[in-house]
Structure formats: C-alpha cells, structure tokens
file query32.txt (compact mmCIF, C-alpha atoms)
# COMPACT_ATOMS: atom_id res chain seq x y z
CA MET A 3 0.00 0.00 0.00
CA LYS A 4 0.97 3.61 -0.51
CA ILE A 5 0.51 5.60 2.70
CA LEU A 6 0.74 9.39 3.01
CA ILE A 7 2.59 10.48 6.19
CA THR A 8 2.32 14.12 7.17
CA GLY A 9 5.29 15.06 9.32
CA GLY A 10 7.11 12.08 7.84
CA ALA A 11 10.49 13.82 8.13
CA GLY A 12 10.07 14.21 11.88
CA TYR A 13 11.17 11.93 14.70
CA LEU A 14 8.25 9.51 14.90
CA GLY A 15 7.17 10.07 11.30
CA SER A 16 10.52 8.91 9.93
CA VAL A 17 10.60 5.85 12.20
CA THR A 18 7.06 4.99 11.11
CA ALA A 19 8.05 5.37 7.46
CA THR A 20 10.82 2.82 8.02
CA ALA A 21 8.39 0.42 9.68
CA LEU A 22 5.98 0.76 6.76
CA GLU A 23 8.78 0.00 4.30
CA GLN A 24 9.84 -3.07 6.24
CA ALA A 25 6.23 -4.27 6.13
CA GLY A 26 6.19 -3.95 2.34
CA HIS A 27 4.39 -0.60 2.04
CA GLU A 28 5.48 2.66 0.39
CA PRO A 29 5.40 5.86 2.47
CA ILE A 30 4.75 9.17 0.73
CA VAL A 31 6.17 11.93 2.92
CA LEU A 32 4.66 15.43 3.27
CA ASP A 33 6.61 17.72 5.59
CA SER A 34 7.15 21.46 5.89
CA LEU A 35 10.67 20.90 7.32
CA VAL A 36 9.97 23.54 9.96
CA THR A 37 11.39 21.06 12.48
CA GLY A 38 11.98 17.78 10.64
CA PRO A 39 15.39 17.29 8.95
CA ARG A 40 15.27 16.84 5.17
CA ARG A 41 17.66 13.90 5.37
CA PHE A 42 15.08 11.94 7.37
CA ALA A 43 13.09 11.65 4.12
CA ASP A 44 16.05 10.62 1.95
CA GLY A 45 15.26 7.77 -0.40
CA ARG A 46 11.52 8.31 -0.11
CA ILE A 47 8.96 10.10 -2.24
CA PHE A 48 8.94 13.51 -0.61
CA TYR A 49 6.86 16.67 -0.89
CA GLN A 50 7.90 19.79 0.98
CA GLY A 51 4.98 21.96 1.96
CA ASP A 52 2.20 22.80 4.35
CA ILE A 53 -0.60 20.42 5.29
CA ALA A 54 -3.08 23.27 4.71
CA ASP A 55 -1.95 23.70 1.09
CA ARG A 56 -4.94 22.15 -0.64
CA GLY A 57 -3.31 22.44 -4.06
CA LEU A 58 -0.33 20.44 -2.87
CA VAL A 59 -2.53 17.79 -1.27
CA ARG A 60 -4.45 17.50 -4.57
CA ARG A 61 -1.20 17.14 -6.49
CA ILE A 62 -0.02 14.37 -4.17
CA VAL A 63 -3.28 12.47 -4.67
CA ASP A 64 -3.20 13.10 -8.45
CA GLU A 65 0.32 11.70 -8.63
CA HIS A 66 -0.45 8.81 -6.25
CA PRO A 67 -4.12 7.95 -6.79
CA GLU A 68 -3.63 4.56 -5.15
CA LEU A 69 -3.05 6.09 -1.70
CA GLU A 70 -4.83 3.86 0.78
CA ALA A 71 -4.58 5.93 3.96
CA THR A 72 -3.10 9.03 5.59
CA ILE A 73 -1.14 8.99 8.85
CA HIS A 74 -1.37 12.54 10.19
CA MET A 75 1.64 13.14 12.44
CA ALA A 76 2.53 16.75 11.55
CA ALA A 77 2.17 18.95 14.64
CA ARG A 78 3.90 21.20 17.10
CA ILE A 79 4.53 19.09 20.21
CA VAL A 80 6.47 20.98 22.91
CA VAL A 81 4.26 21.55 25.97
CA PRO A 82 6.04 24.57 27.54
CA GLU A 83 6.31 26.22 24.13
CA SER A 84 2.58 25.78 23.63
CA VAL A 85 1.97 27.71 26.85
CA ARG A 86 4.17 30.51 25.53
CA LEU A 87 2.93 30.39 21.92
CA PRO A 88 -0.71 29.26 22.01
CA TYR A 89 -1.69 31.01 18.76
CA GLU A 90 0.94 29.14 16.79
CA TYR A 91 -0.18 25.82 18.26
CA TYR A 92 -3.88 26.33 17.54
CA ARG A 93 -3.08 27.60 14.05
CA ASP A 94 -0.74 24.79 13.06
CA ASN A 95 -2.29 21.86 14.91
CA VAL A 96 -5.98 22.73 14.58
CA ALA A 97 -6.73 25.19 11.78
CA LYS A 98 -4.33 23.63 9.29
CA SER A 99 -5.46 20.11 10.09
CA LEU A 100 -9.04 21.13 9.31
CA GLU A 101 -7.97 22.08 5.79
CA LEU A 102 -6.15 18.78 5.35
CA PHE A 103 -9.09 16.70 6.58
CA ASP A 104 -11.57 18.50 4.37
CA GLU A 105 -9.39 18.18 1.28
CA LEU A 106 -8.76 14.48 1.86
CA THR A 107 -12.50 13.92 2.24
CA THR A 108 -13.20 15.86 -0.96
CA LEU A 109 -10.65 13.70 -2.78
CA GLY A 110 -12.17 10.49 -1.48
CA LYS A 111 -9.14 9.57 0.63
CA ASN A 112 -11.18 8.68 3.66
CA ARG A 113 -8.90 6.54 5.86
CA LEU A 114 -7.06 8.64 8.43
CA VAL A 115 -4.83 7.61 11.34
CA PHE A 116 -4.31 10.52 13.72
CA SER A 117 -1.49 11.07 16.20
CA SER A 118 -3.01 12.17 19.50
CA THR A 119 -1.64 12.19 23.03
CA ALA A 120 -2.23 10.59 26.40
CA SER A 121 -1.38 13.89 28.09
CA LEU A 122 -5.02 14.94 27.78
CA TYR A 123 -6.33 12.37 30.28
CA ALA A 124 -7.69 13.59 33.61
CA LEU A 125 -5.67 12.55 36.65
CA LYS A 126 -6.75 9.24 38.19
CA PRO A 127 -5.70 8.02 41.63
CA ASP A 128 -4.30 4.75 40.24
CA PHE A 129 -2.90 6.46 37.08
CA GLU A 130 -4.16 3.72 34.71
CA VAL A 131 -6.35 5.19 31.96
CA ALA A 132 -8.58 3.59 29.35
CA GLU A 133 -9.96 5.25 26.24
CA SER A 134 -13.35 5.84 27.90
CA ASP A 135 -11.88 7.71 30.87
CA PRO A 136 -12.41 11.48 31.30
CA VAL A 137 -10.05 13.93 29.64
CA GLN A 138 -8.75 17.18 31.11
CA PRO A 139 -6.01 18.79 28.98
CA THR A 140 -3.55 20.92 30.95
CA SER A 141 -1.74 22.73 28.12
CA PRO A 142 -2.55 24.37 24.79
CA TYR A 143 -0.71 21.47 23.11
CA ALA A 144 -2.96 18.89 24.74
CA TRP A 145 -6.02 21.01 23.95
CA THR A 146 -5.11 21.11 20.26
CA LYS A 147 -5.01 17.33 20.21
CA ARG A 148 -8.33 17.03 22.04
CA MET A 149 -9.91 19.53 19.66
CA MET A 150 -8.78 17.53 16.65
CA GLU A 151 -10.08 14.33 18.20
CA GLN A 152 -13.52 15.93 18.47
CA VAL A 153 -13.24 17.31 14.94
CA LEU A 154 -12.50 13.83 13.61
CA GLU A 155 -15.31 12.28 15.62
CA ASP A 156 -17.76 14.83 14.19
CA LEU A 157 -16.45 14.59 10.62
CA ALA A 158 -16.59 10.81 10.71
CA ALA A 159 -20.20 10.96 11.86
CA ALA A 160 -21.18 13.41 9.10
CA THR A 161 -18.99 12.42 6.11
CA ASP A 162 -17.23 9.45 4.55
CA LEU A 163 -14.05 10.21 6.51
CA ARG A 164 -13.07 7.42 8.88
CA ALA A 165 -10.54 7.83 11.68
CA ILE A 166 -8.41 5.76 14.03
CA ILE A 167 -7.16 8.11 16.74
CA LEU A 168 -4.00 6.86 18.44
CA ARG A 169 -3.31 8.28 21.88
CA TYR A 170 0.46 8.06 22.29
CA PHE A 171 2.00 7.64 25.67
CA ASN A 172 5.78 8.34 25.78
CA PRO A 173 7.87 7.01 22.87
CA ILE A 174 11.64 6.87 23.27
CA GLY A 175 14.49 5.43 21.23
CA SER A 176 15.13 5.32 17.48
CA ASP A 177 14.60 3.00 14.58
CA PRO A 178 16.61 -0.25 14.93
CA GLY A 179 19.19 0.81 12.35
CA LEU A 180 19.89 4.13 14.09
CA ARG A 181 19.09 5.96 10.86
CA THR A 182 16.63 8.40 12.44
CA GLY A 183 15.58 9.39 15.94
CA TYR A 184 14.88 12.33 18.22
CA HIS A 185 16.31 15.27 16.27
CA VAL A 186 15.54 18.47 18.20
CA ARG A 187 18.88 20.11 18.91
CA ASP A 188 17.80 21.69 22.20
CA ALA A 189 16.07 18.70 23.75
CA THR A 190 12.90 19.24 25.78
CA HIS A 191 11.79 15.63 26.37
CA VAL A 192 12.93 13.65 29.38
CA VAL A 193 14.79 10.72 27.83
CA PRO A 194 16.83 12.77 25.32
CA LEU A 195 17.76 15.09 28.19
CA LEU A 196 18.79 12.12 30.33
CA ALA A 197 20.74 10.64 27.42
CA GLN A 198 22.60 13.90 26.87
CA THR A 199 23.44 14.01 30.58
CA ALA A 200 24.64 10.40 30.56
CA LEU A 201 26.84 11.16 27.54
CA GLY A 202 28.38 14.21 29.21
CA GLN A 203 26.66 16.67 26.87
CA ARG A 204 24.83 18.25 29.84
CA ASP A 205 26.07 18.86 33.36
CA SER A 206 22.93 17.55 35.04
CA PHE A 207 19.34 16.44 34.54
CA THR A 208 16.54 18.48 36.11
CA VAL A 209 13.72 16.61 37.85
CA THR A 210 10.76 18.95 37.28
CA GLY A 211 8.20 18.24 40.00
CA THR A 212 9.14 16.46 43.23
CA ASP A 213 6.00 16.65 45.39
CA LEU A 214 3.44 15.24 42.96
CA PRO A 215 0.85 12.67 44.13
CA THR A 216 2.88 9.66 42.91
CA ARG A 217 4.76 6.96 44.81
CA ASP A 218 8.00 8.99 44.89
CA GLY A 219 6.77 12.53 44.18
CA SER A 220 7.99 12.68 40.57
CA GLY A 221 5.84 12.54 37.44
CA ILE A 222 4.69 9.19 36.09
CA ARG A 223 4.72 8.13 32.44
CA ASP A 224 4.32 5.06 30.23
CA TYR A 225 7.46 4.72 28.09
CA ILE A 226 7.44 2.70 24.88
CA HIS A 227 10.05 2.12 22.20
CA ALA A 228 9.52 4.32 19.14
CA TRP A 229 9.77 1.20 17.01
CA ASP A 230 6.85 -0.37 18.88
CA LEU A 231 4.87 2.82 18.25
CA ALA A 232 5.77 2.66 14.55
CA ARG A 233 4.62 -0.96 14.38
CA ALA A 234 1.26 0.12 15.79
CA HIS A 235 0.82 2.49 12.84
CA VAL A 236 1.53 -0.33 10.41
CA ALA A 237 -1.14 -2.40 12.17
CA ALA A 238 -3.56 0.55 12.07
CA VAL A 239 -3.34 0.98 8.28
CA GLU A 240 -3.34 -2.76 7.61
CA ARG A 241 -6.34 -3.43 9.87
CA PHE A 242 -8.06 -0.08 9.40
CA ASP A 243 -11.42 -1.32 8.10
CA SER A 244 -11.61 -4.37 10.34
CA ALA A 245 -10.66 -2.39 13.45
CA LEU A 246 -13.46 0.11 12.87
CA ALA A 247 -15.85 -2.73 12.10
CA VAL A 248 -15.05 -4.35 15.45
CA ALA A 249 -15.33 -0.98 17.20
CA GLY A 250 -18.70 -0.47 15.52
CA GLU A 251 -18.02 3.24 14.98
CA PRO A 252 -16.82 5.51 12.16
CA SER A 253 -13.99 6.67 14.45
CA THR A 254 -12.33 5.17 17.48
CA TYR A 255 -9.68 5.96 20.11
CA ILE A 256 -6.80 3.57 20.86
CA ASN A 257 -4.16 3.91 23.59
CA LEU A 258 -0.59 3.06 22.62
CA GLY A 259 1.42 2.28 25.73
CA ALA A 260 3.30 -0.48 27.52
CA GLY A 261 0.64 -0.76 30.21
CA HIS A 262 2.67 0.16 33.28
CA GLY A 263 3.84 3.39 34.86
CA VAL A 264 7.41 4.53 35.44
CA THR A 265 8.19 7.58 37.57
CA VAL A 266 10.89 10.04 36.62
CA ARG A 267 13.05 8.86 39.50
CA GLU A 268 12.57 5.24 38.39
CA LEU A 269 13.48 6.25 34.85
CA ILE A 270 16.69 7.87 36.08
CA ALA A 271 17.54 4.64 37.90
CA ALA A 272 16.90 2.67 34.71
CA VAL A 273 19.21 4.93 32.70
CA GLU A 274 21.87 4.55 35.38
CA ARG A 275 21.43 0.79 35.16
CA VAL A 276 21.89 0.83 31.38
CA VAL A 277 24.92 3.14 31.34
CA GLY A 278 26.48 1.76 34.51
CA LYS A 279 27.10 5.09 36.20
CA PRO A 280 25.16 7.69 38.22
CA ILE A 281 23.31 10.55 36.54
CA PRO A 282 23.78 13.95 38.23
CA THR A 283 20.39 15.55 38.95
CA VAL A 284 18.91 18.75 40.30
CA GLU A 285 15.31 19.45 41.33
CA ALA A 286 12.88 22.13 40.16
CA PRO A 287 9.12 22.86 40.14
CA PRO A 288 6.96 21.41 37.34
CA ARG A 289 7.18 23.17 33.97
CA PRO A 290 4.16 25.15 32.71
CA GLY A 291 1.56 22.75 31.32
CA ASP A 292 3.15 19.58 32.69
CA ALA A 293 0.73 16.81 33.67
CA VAL A 294 1.27 14.50 36.66
CA GLY A 295 0.97 11.61 34.24
CA ALA A 296 -0.69 8.29 33.55
CA TYR A 297 -0.09 4.89 32.04
CA ALA A 298 -2.10 2.99 29.46
CA ASN A 299 -4.70 0.35 29.64
CA ALA A 300 -3.69 -1.07 26.24
CA ASP A 301 -6.34 -3.80 25.92
CA LYS A 302 -8.07 -2.08 23.02
CA ALA A 303 -4.87 -1.91 20.95
CA ARG A 304 -4.40 -5.62 21.46
CA ASN A 305 -8.02 -6.42 20.57
CA LEU A 306 -8.41 -4.15 17.54
CA LEU A 307 -4.88 -4.02 16.13
CA GLY A 308 -3.32 -7.21 17.43
CA TRP A 309 -0.57 -4.99 18.85
CA LYS A 310 1.38 -4.84 22.07
CA THR A 311 4.80 -3.53 22.99
CA GLU A 312 7.75 -5.87 22.54
CA ALA A 313 10.79 -3.90 23.71
CA THR A 314 11.68 -3.58 27.39
CA LEU A 315 12.31 -0.23 29.04
CA ASP A 316 16.05 -0.95 29.16
CA GLU A 317 16.08 -1.78 25.44
CA ALA A 318 14.27 1.45 24.63
CA ILE A 319 16.70 3.44 26.77
CA ALA A 320 19.68 1.74 25.12
CA SER A 321 18.27 2.69 21.72
CA ALA A 322 17.85 6.31 22.80
CA LEU A 323 21.41 6.42 24.14
CA ALA A 324 22.86 4.86 20.98
CA TRP A 325 21.04 7.38 18.80
CA MET A 326 22.01 10.37 20.92
CA ALA A 327 25.66 9.27 20.75
CA LYS A 328 25.42 9.17 16.93
CA ARG A 329 23.06 11.98 16.03
CA GLU A 330 25.33 15.04 16.28
CA PRO A 331 27.43 14.34 13.15
CA VAL A 332 24.45 12.71 11.40
CA LEU A 333 22.42 15.90 11.73
CA GLY A 334 25.33 18.26 11.21
CA TYR A 335 25.30 19.62 14.75
CA ALA A 336 28.93 18.75 15.46
call {"tool": "encode", "arguments": {"input": "query32.txt", "output": "structure tokens"}}
result
Amino acid sequence: MKILITGGAGYLGSVTATALEQAGHEPIVLDSLVTGPRRFADGRIFYQGDIADRGLVRRIVDEHPELEATIHMAARIVVPESVRLPYEYYRDNVAKSLELFDELTTLGKNRLVFSSTASLYALKPDFEVAESDPVQPTSPYAWTKRMMEQVLEDLAAATDLRAIILRYFNPIGSDPGLRTGYHVRDATHVVPLLAQTALGQRDSFTVTGTDLPTRDGSGIRDYIHAWDLARAHVAAVERFDSALAVAGEPSTYINLGAGHGVTVRELIAAVERVVGKPIPTVEAPPRPGDAVGAYANADKARNLLGWKTEATLDEAIASALAWMAKREPVLGYA
C-alpha cells in the first residue's frame, strides 16, 4: 500500500516510514521541514509543503491515486512552548489540520490515522487510563489534540471520513538501524535530556516536579520504544477497516502504551542501570503545562490491532542512548 505520512520527516514520522517499508508498504512523505530534517526523508517520495496547502494535497493524490490511507503526524509538540505560543499551536495543529481533513474527504481519501496524546487524560488516583476515561487537557498542546479528536469524531459521523485516533504515551528510542531518531537540537523531552546528561553533553538532569501525588513525588509516564509505536501504525493501516468494524463506529480511540507506569526517578535509575554510572540531577518545580501523568490500559490496541509492545524499558533506553551518541554528526550539529 501507498501511505501518506504528514510530518514524515520528523522523529516519529521517519521511524514509522521505516516500519511501513519493512512491512512492504510505500510511504509518501509530506513535511514542511519547519522542524523535521530533510535527510530523514532521503530515499523516499517527498513533498515539501504545508498540510493546509490544498493544491499540494491535490497534487499528491493526483500523482499517487492509489493512496490507501493518511497517517497525520505533523504537529507542534512541545508543551512549555505551547503555553508561551498558544496562537501558533492552535493555528498549526488545529486550523491547518481542518484544511487537510476536508481536502482528503473531498478527494475520497477517507482513511485517516491521527497522532493524538495521552497527556489529555484527567488525573486518576491509580494512574491507569482507558480510552473511555475522562479527559482534562492541561496545556494548549494537549487542547489542540483534544480539539482535533472531536473534529474527527464529528467529521466521521457526518462524512465518509473514517478515523483511528492513536493516543500516544511516551515514545523513546530510534529505529533499529539508528538511521533516524529524536532530532531536536535543544532537547525538551525527558529521555533525550537524560541521554545527553549520561553522555556528558549536559552537566545535570533536572527533575521537574518532586511533590506530585505519585509513589516517589515525581511525574509518572508510560514509556514505549519508538519502534513499537511505529509498528502500531503499520497495524492501524493494515487493519483499518476491520478495526473500525469491530469498534462499531466511524472513528475510534486507541491507547498506545506499555501498560505500566514509570516515575521520573525510576526512569533515572533505569538509565543509570543501562549506562552503569550515576546521573547527576537537580530538582525544580513542574514546567508550565506539565501533567502529573498516567499509564495505558492497552487492551483495546491488542483487541483491535493485534498490537502490544515488545521492547523492554532498558532496550528502549539503550536505543535512545545509541542514537544520541550518533546523532550530532548525522544531523550536522557537530
């Protein structure tokens, strides 16, 4: 199958493109390159442009009429930045996505897999969340994802558009060949920051939030290998029609997580275990927009997609460390 991936030159988009290729499919990459490196799309059919450019979307479909589905991964994703720049987040994540969805529907390309987030779930005392649990976004970023979920639910009810909405938990690591991975030069996510600290590229790692209502006071997350996340997208496009048939709805939500929670302090201990040395840390208050956290009930992913995580936390951390050790010259930062 040919699959359009918006944001396919980004971190998770490029890893997903590799997973699609290994499964025998052909990714078509659309990316503005505002954040994604051009080299992450090397060797693939690539279109540079904006997801809201209807003319470009029409040209892609004209040139690849056999497109079977779209995986919409293009988005701004940095929580503190979204607090500082809400307009840009609502414009790029919401308004532009509306144009893309409408154009795809007009062109009869009605299968859409959407990248959402688990950060929109309301806090639960036991931290385990299922797709039917209440949501309570705590940042403009999370709100943009929740808005687009509702948009897709409404469009699917009113048009021929069909949607599988994947709520990501916390992907880490790279593709198995270390060809692509987390690319943001000034890292903002916890594992890249820990990896940089372990590699001596940072003096210390900052634990943001130390008196949260978790077992050790630090935030709790559900970490999964980026390759496992990419495999879930392959399953979503391959089982798209059957998954929605089983769900009995024109759109459905699916959690993608390992199914257990890891606190920040436990994550630090895991990194120390993998690298064999202590990680220097300092403590600070939570960042603007940070959620306490949650972990996935992933039963629905197993039932509808036949998917579950395969990599261990240590394997995912080792992948992240290997990529961070390699990425500077690969991306031209050195």
call {"tool": "residues_around", "arguments": {"input": "query32.txt", "residues": "region 68-71 of chain A", "least_positions_apart": "4", "cutoff": "9 Å", "atoms": "only C-alpha atoms", "output": "number ranges by chain"}}
result
A: 3-7, 30, 63, 111-115, 239, 242
call {"tool": "residues_around", "arguments": {"input": "query32.txt", "residues": "region 300-304 of chain A", "least_positions_apart": "5", "cutoff": "10 Å", "atoms": "all atoms listed in the file", "output": "MDAnalysis selection string"}}
result
chainID A and resid 130:133 168 234 237:238 245 249 255:262 309:311
call {"tool": "axis_aligned_box", "arguments": {"input": "query32.txt", "around": "region 97-108 of chain A", "padding_each_side": "8 Å", "output": "lines of an AutoDock Vina configuration file"}}
result
center_x = -8.8
center_y = 19.6
center_z = 5.4
size_x = 24.9
size_y = 27.3
size_z = 28.7
call {"tool": "closest_residue", "arguments": {"input": "query32.txt", "among": "A:Val137, A:Leu87, A:Ile62, A:Leu307", "to": "Glu105 (chain A)", "atoms": "all atoms listed in the file"}}
result
A:Ile62
call {"tool": "closest_residue", "arguments": {"input": "query32.txt", "among": "A:Ala286, A:Ala200, A:Ala120, A:Ala228", "to": "Thr314 (chain A)", "atoms": "all atoms listed in the file"}}
result
A:Ala228
